[in-house]
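**Student:** Handing you this structure, nothing more for now.
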Amino acid sequence: MKNVSAMLLSGLSQYVGASIAIGLFVTASGLAVGWGRIFFAALFLLAWRRPWTYPHKLRALAFGLALGGMNILFYLAIARIPLGTAVALEFLGPVLLASAARTRRSTIAVVLVATGVFLISWVGLDLSDPDVALGFVFALVAGLCWVAYMLLGSRVAGSANGIDGLAVAMAGAAIVFSPLALPELVGIRPTLSFWLTLVFVALLSSAVPYVIDQVVLRDVPATTFAILNSILPAMSTVVGFVMLRQLPSSGELLGLVLISLAVFIASYRKA
């Protein structure tokens with residue numbers, strides 16, 4: 001129950017932050033905002049943890065690349081498609097990880113997820129719009145990065161100082177992805193309000209949820225962690241509706257239901 005409550009808090013923090021971040025897309029691209037989220041979260045974690053002697057820096061760097069790719073791709077997706085839809089598509093990765101064991105239940109879960117993704121994309125989304133189609137692809141690839149994040153994050157959390165590893169990972173991601181975003185941010189010269197909002201987004205969407213992830217991953221394996229994320233598609237849809245007035249279409253809503261059902265089946269198998 002403790003881990004479930006922690007994941008509820010993590011998801012709420014992350015998607016409230018993402019909803020706020022969408023308002024920044026009128027000033028900067030999803031790429032620039034996604035990188036800024038990583039950068040300011042890295043500054044916060046480095047100031048808090050001071051992980052200068054962390055021993056597994058290469059492992060943390062690999063974790064950071066997965067984390068950074070997941071963040072940036074997700075923000076590129078929500079700049080083009082609704083928040084709840086992006087999370088549902090992204091969740092394809094964690095469900096596949098949770099269903100890694102080849103059982104009847106895992107097979108049913110994968111079929112339901114595939115059907116849900118079909119309904120969201122081919123029925124709920126207008127893929128004839130190149131921008132929407134690109135958002136669809138970004139969300140799916142972000143899901144693959146999410147799997148890598150869970151597997152590598154589990155290894156980092158397994159050490160005695162996993163949050164120090166997270167700080168190193170976040171800093172590494174900020175450095176590696178900086179050439180993609182810094183030229184844009186320098187060119188547009190954002191206002192102080194933009195920067196303060198981005199700092200707030202970084203705390204809500206990166207620092208808080210990823211620290212919680214490290215605490216939970218210390219207790220459970222990656223496959224179980226994937227199951228604990230089961231509330232996220234529904235939560236992101238609710239947050240998207242409340243904060244952004246993004247009401248799912250009938251196709252998206254049915255797809256979300258099927259994906260949530262798939263997650264429940266995977267979760268029940270592990271109970």
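Residue numbers start at 1 in each chain; chains themselves are named A, B, ... in the order of the structure tokens; ligands are numbered from 1 in the order shown.
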Show which residues sit within 12 Å of Phe44 (chain A), as a PyMOL selection string. Count only C-alpha atoms, and ignore same-chain residues fewer than 6 positions away.
**Tutor:** chain A and resi 37-38+50-51+164+166-168+170-171+199-200+202-204+206-208+211
**Student:** Next, the residues of the selection above should be written as a short mmCIF file (atom, residue, chain, number, x, y, z; two decimals), in the first residue's frame with N, CA, C and O atoms.
**Tutor:**
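Saved to again35.cif:
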data_model
loop_
_atom_site.label_atom_id
_atom_site.label_comp_id
_atom_site.auth_asym_id
_atom_site.auth_seq_id
_atom_site.Cartn_x
_atom_site.Cartn_y
_atom_site.Cartn_z
N ARG A 37 13.36 21.20 -18.27
CA ARG A 37 12.86 20.43 -17.13
C ARG A 37 13.99 19.56 -16.56
O ARG A 37 14.18 19.50 -15.34
N ILE A 38 14.75 18.91 -17.43
CA ILE A 38 15.86 18.06 -16.99
C ILE A 38 16.95 18.91 -16.33
O ILE A 38 17.49 18.56 -15.27
N ARG A 50 24.81 16.40 -3.76
CA ARG A 50 26.26 16.57 -3.94
C ARG A 50 26.94 15.22 -4.17
O ARG A 50 27.82 14.80 -3.39
N PRO A 51 26.60 14.56 -5.26
CA PRO A 51 27.04 13.16 -5.47
C PRO A 51 28.41 13.05 -6.13
O PRO A 51 28.60 12.24 -7.06
N ASP A 164 21.59 9.54 -5.26
CA ASP A 164 22.82 10.16 -5.77
C ASP A 164 23.01 9.78 -7.23
O ASP A 164 23.40 10.61 -8.07
N LEU A 166 20.65 9.06 -9.31
CA LEU A 166 19.66 9.83 -10.07
C LEU A 166 20.18 11.24 -10.36
O LEU A 166 20.02 11.75 -11.46
N ALA A 167 20.82 11.86 -9.38
CA ALA A 167 21.37 13.20 -9.57
C ALA A 167 22.43 13.20 -10.67
O ALA A 167 22.45 14.08 -11.55
N VAL A 168 23.31 12.19 -10.65
CA VAL A 168 24.34 12.07 -11.70
C VAL A 168 23.69 11.82 -13.05
O VAL A 168 24.08 12.41 -14.07
N MET A 170 20.64 12.67 -14.06
CA MET A 170 19.96 13.88 -14.53
C MET A 170 20.96 14.90 -15.07
O MET A 170 20.73 15.54 -16.10
N ALA A 171 22.09 15.05 -14.37
CA ALA A 171 23.12 15.98 -14.84
C ALA A 171 23.70 15.53 -16.17
O ALA A 171 23.91 16.33 -17.09
N VAL A 199 11.20 26.14 -13.83
CA VAL A 199 11.77 25.61 -12.58
C VAL A 199 10.69 24.86 -11.81
O VAL A 199 10.93 23.75 -11.28
N PHE A 200 9.50 25.43 -11.74
CA PHE A 200 8.39 24.79 -11.04
C PHE A 200 8.03 23.47 -11.71
O PHE A 200 7.79 22.45 -11.05
N ALA A 202 10.04 21.60 -13.47
CA ALA A 202 11.13 20.66 -13.22
C ALA A 202 10.98 19.98 -11.86
O ALA A 202 11.20 18.77 -11.71
N LEU A 203 10.58 20.75 -10.86
CA LEU A 203 10.39 20.17 -9.52
C LEU A 203 9.21 19.20 -9.51
O LEU A 203 9.30 18.09 -8.96
N LEU A 204 8.09 19.61 -10.14
CA LEU A 204 6.89 18.79 -10.13
C LEU A 204 7.04 17.55 -11.00
O LEU A 204 6.61 16.45 -10.62
N SER A 206 9.91 16.24 -12.61
CA SER A 206 11.15 15.45 -12.63
C SER A 206 11.67 15.15 -11.23
O SER A 206 11.83 13.99 -10.85
N ALA A 207 11.96 16.20 -10.46
CA ALA A 207 12.61 15.98 -9.17
C ALA A 207 11.74 15.13 -8.23
O ALA A 207 12.19 14.09 -7.72
N VAL A 208 10.50 15.53 -8.02
CA VAL A 208 9.64 14.80 -7.08
C VAL A 208 9.33 13.37 -7.56
O VAL A 208 9.59 12.40 -6.83
N VAL A 211 12.55 10.98 -7.73
CA VAL A 211 13.04 10.59 -6.39
C VAL A 211 12.13 9.51 -5.81
O VAL A 211 12.60 8.52 -5.25
#
**Student:** Could you name the residues that touch region 15-21 of chain A at 9 Å or less, counting only C-alpha atoms, but leaving out those on the same chain fewer than 3 positions away, as a PyMOL selection string?
**Tutor:** chain A and resi 10-12+24-25+30+33-34+37+75+78+83+197-198+200-206+232+235-236+239-240+243-244
**Student:** Output the selection as a PDB file, in the first residue's frame - C-alpha atoms for each residue.
**Tutor:**
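Listing of again.pdb after writing:
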ATOM      1  CA  SER A  10       4.354  10.608  -8.255  1.00  0.00           C
ATOM      2  CA  GLY A  11       1.779  10.472 -11.064  1.00  0.00           C
ATOM      3  CA  LEU A  12      -0.196  13.455  -9.772  1.00  0.00           C
ATOM      4  CA  LEU A  24       5.138  27.101 -22.186  1.00  0.00           C
ATOM      5  CA  PHE A  25       4.901  25.664 -25.702  1.00  0.00           C
ATOM      6  CA  GLY A  30       8.594  20.678 -26.560  1.00  0.00           C
ATOM      7  CA  VAL A  33      10.923  22.787 -22.509  1.00  0.00           C
ATOM      8  CA  GLY A  34      11.707  19.098 -22.000  1.00  0.00           C
ATOM      9  CA  ARG A  37      12.860  20.425 -17.132  1.00  0.00           C
ATOM     10  CA  TYR A  75       7.095  16.589 -24.262  1.00  0.00           C
ATOM     11  CA  ILE A  78       2.134  16.310 -25.684  1.00  0.00           C
ATOM     12  CA  LEU A  83      -1.888  14.490 -22.484  1.00  0.00           C
ATOM     13  CA  THR A 197       7.523  28.392 -14.472  1.00  0.00           C
ATOM     14  CA  LEU A 198      10.046  25.981 -15.968  1.00  0.00           C
ATOM     15  CA  PHE A 200       8.390  24.791 -11.040  1.00  0.00           C
ATOM     16  CA  VAL A 201       7.711  22.239 -13.802  1.00  0.00           C
ATOM     17  CA  ALA A 202      11.132  20.659 -13.219  1.00  0.00           C
ATOM     18  CA  LEU A 203      10.389  20.167  -9.524  1.00  0.00           C
ATOM     19  CA  LEU A 204       6.894  18.786 -10.127  1.00  0.00           C
ATOM     20  CA  SER A 205       7.582  16.637 -13.190  1.00  0.00           C
ATOM     21  CA  SER A 206      11.147  15.450 -12.626  1.00  0.00           C
ATOM     22  CA  LEU A 232      -1.019   6.647 -14.777  1.00  0.00           C
ATOM     23  CA  MET A 235      -4.722   9.806 -13.905  1.00  0.00           C
ATOM     24  CA  SER A 236      -3.220  11.672 -16.842  1.00  0.00           C
ATOM     25  CA  VAL A 239      -5.535  15.794 -15.021  1.00  0.00           C
ATOM     26  CA  GLY A 240      -5.699  16.662 -18.728  1.00  0.00           C
ATOM     27  CA  MET A 243      -6.414  21.433 -16.117  1.00  0.00           C
ATOM     28  CA  LEU A 244      -6.481  21.554 -19.925  1.00  0.00           C
TER      29      LEU A 244
END
**Student:** For region 148-158 of chain A, work out the shell of residues within 10 Å, counting only C-alpha atoms and skipping chain neighbours fewer than 4 positions away, then give it as an MDAnalysis selection string.
**Tutor:** chainID A and resid 56:57 59:70 93:94 97 142:144 162:166 169 210:211 213:223 225:226
**Student:** Rounded to one decimal place, report the CA of Arg189 (chain A)-CA of Gly23 (chain A) distance in Å.
**Tutor:**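 Separation between CA of Arg189 (chain A) and CA of Gly23 (chain A): 16.6 Å.
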**Student:** Measure the distance from CA of Ala181 (chain A) to CA of Trp195 (chain A) in Å and round it to one decimal.
**Tutor:**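 That distance, rounded to one decimal, is 14.3 Å.
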